[in-house]
Structure formats: C-alpha cells, structure tokens
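Below you'll find the structure, written out as structure tokens, and then a few comments.
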Amino acid sequence: MPSTAPQSAMSSQPTTREPLHGVGLGLRRSMLPELAGRDDRLDVDFLEIAPENWIGVGGIYGRRLRELTRRYPFVNHGLSLSIGGPGPLDREFLRRLRRFLDQHGALCYSEHLSYCSDDGHLYDLMPIPFTEAAVRRVAARIVEVQDALGRRIAVENVSYYAAPGAEMSELDFLNAVLEQADCDLMLDVNNIYVNSINHRYDAAAFLAGVPASRVVYMHVAGHYVEAEDLRVDTHGADVCDPVWELLAAAYRHCGVRPTVLERDFNIPPLDVLLQEVEVIRRLQAAALEDPGRPGARMSA
Ligand SMILES: [Fe+2]
C-alpha cells in the first residue's frame, strides 16, 4: 500500500539525533495501541524496527511510527534482504529502504547473515553454507548493499539448525565475511547460546573469537527449550540466566554496546518487558564499573 502520509511530515528530521547508546526494545506493531495510551516516555534509549513492516505504511500506523521516530532514536533490523540468497539483490527494495532510513533518521541498519529467498520468498531465515565460495559471494553482496544504501551495514550472527556442506566453522565463516566485506557486526547473544547447545560448542570460546571492534550493537532474547540438547530461537520467552551471563561476558569482551531486547511471541505488557530491559541496563552499568573492562581508563 502506498504511503498516505503528507510529504512534508515524511521529510522532516527526527528531533533526537544523539549517538546510539544504552538499551533498546524491538518495536512490534501489536505494541502500538499500548504505546499510544501512555503519556510517559518509555525508559529505553532507542527502539528497533523491521523496515519491511513499515515501508509504505500510511494511515494511523504510519503516523504513529512517525511520532515514535521523532521521540526516540531508531535502528532498523531487516528481514528480507536475503544477503546470502542465490538471486540478484532487489534494487527497487534497496532504493525504498534507503529513502525510509533517511526519512526516519535511522542510526543503524542490520540484516541477518542468512537467506530467505530462492525463486520466491521462503518465509524463513536459512543458513548460508559455511564455504569459501559463499564468503566471497556474500561479502560482495554486502559491499553492493552498502553502496546502494550509502552507509555501512551490520550483519547478524543467526541461529541455525543444520550446516550442510560446511568447509569451516561458523565463527571462521562469520569472521571471513566481516573482513572481506569490511562491514559491522550486530551480535546476537542468544543466538550464540542457542547454537552452542544445538551444535555442541563452547559459547565462551565463540565469543572470544568475535571481532569486538566491529560490534555496533547487540541482541538478547528468549528461546524455547525443546530438549536439553535442542533449543529453538523463538523470541517467545523471557531471557534465561545463561543468556544474561553470556551478555555480561559479551560486554567484558567487546565493551558495553547498545543492546536490544527482542520479543516476537507471547508478548507481555510493556511494563513487564521493561523489567527485562532494566536487567540489560544493570548489566551495562556493572560492566562500566569494571576496571578491567575494554577501553577502561587506568585512572578514574
Ligand atoms: Fe537477533
């Protein structure tokens, strides 16, 4: 549906232009009525949206989004770019995406290091084979996307349940793509944890191999315990203690980075979600007080 929002409103800049920092919440459309009924500002430093859910949306939803992007800093987390897909990149979508990011003053754009289209959309995020050929191809596509959008992008380490044709480890694949594309990393801490159980590796060792300087922001989320040795990345539950511990470890390794709470199913009232956001804030504060943290000064 084409946008029905007035052009003048769409082209004005958001009021908040501070650098990305602190704690964020993944905004879902179902949260909008509750948000609209609140007079107070949410105790978050930024919001994250999936641009595919909003590009071209007008009417009351378009207006509510515009109000929010004026009040809060925003980052965008893409769903459909299919960075590892076999077909050509969707140039028309990239043009619309660039316009959307500019209109809403997006502070960052991230996408999954996966693919979701073949001839048509697969409606799921599929793992890219961990091969040298895939590294070259995906890195070239990321460069193409960065050129088309006129900005650096961040890719997200994804959860996956099979690794067909792997020639290297997930960590080596991730690092090779980041280096060849020279792009940033959006580190999903829950995905590290879920993958470490499903693929029997050491989450702390994986984290230690992540290039800290490329991490622009982080995700944390809950997952479903299918069995002791099988976790499903649902974003439908509270964050569990081992993932909170891994987030604290991620701050020790990377330094404190802006962090988003993702919740896609079984979404509780906002005040309940904000309690989890508060846990992130406490972990960030504790990490900043740690004299041994990366980047800490020698003297206070
Ligand atoms: Fe994520």
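Note on naming: chains are A, B, ... as they come in the structure tokens, residues start from 1 per chain, ligands start from 1 in the order shown.
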
- Distance query region 126-137 of chain A at most 8 Å, only C-alpha atoms, self and fewer than 6 positions along chain excluded, as a PyMOL selection string: chain A and resi 84+113-116+158+160+162-170+173+176-177+180

- Message: Distance limit 9 Å, reference ligand 1, atoms considered: only C-alpha atoms and all ligand atoms. Which residues make the cut? Give them as an NGL selection string.
- Response: :A and (77 or 112 or 156-159 or 186-191 or 218-221 or 235 or 260-262)

- Query: Within 12 Å of Leu270 (chain A), counting only C-alpha atoms, which residues qualify if same-chain residues fewer than 5 places away don't, as a ChimeraX atom specification?
  - Reply: /A:25-28,30-38,41-44,261,263,275-277

- Mind the document's chain letters and residue numbers, and return as a ChimeraX atom specification the residues of region 78-235 of chain A that DSSP labels strand (DSSP E or B). /A:109-112,115-117,121-126,154-156,184-188,215-221,224-227,230-232

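In this comparison, which uses only C-alpha atoms, the residue of A:Val138, A:Ala248, A:Leu20, A:Leu288 approaching Pro86 (chain A) most closely is A:Val138.
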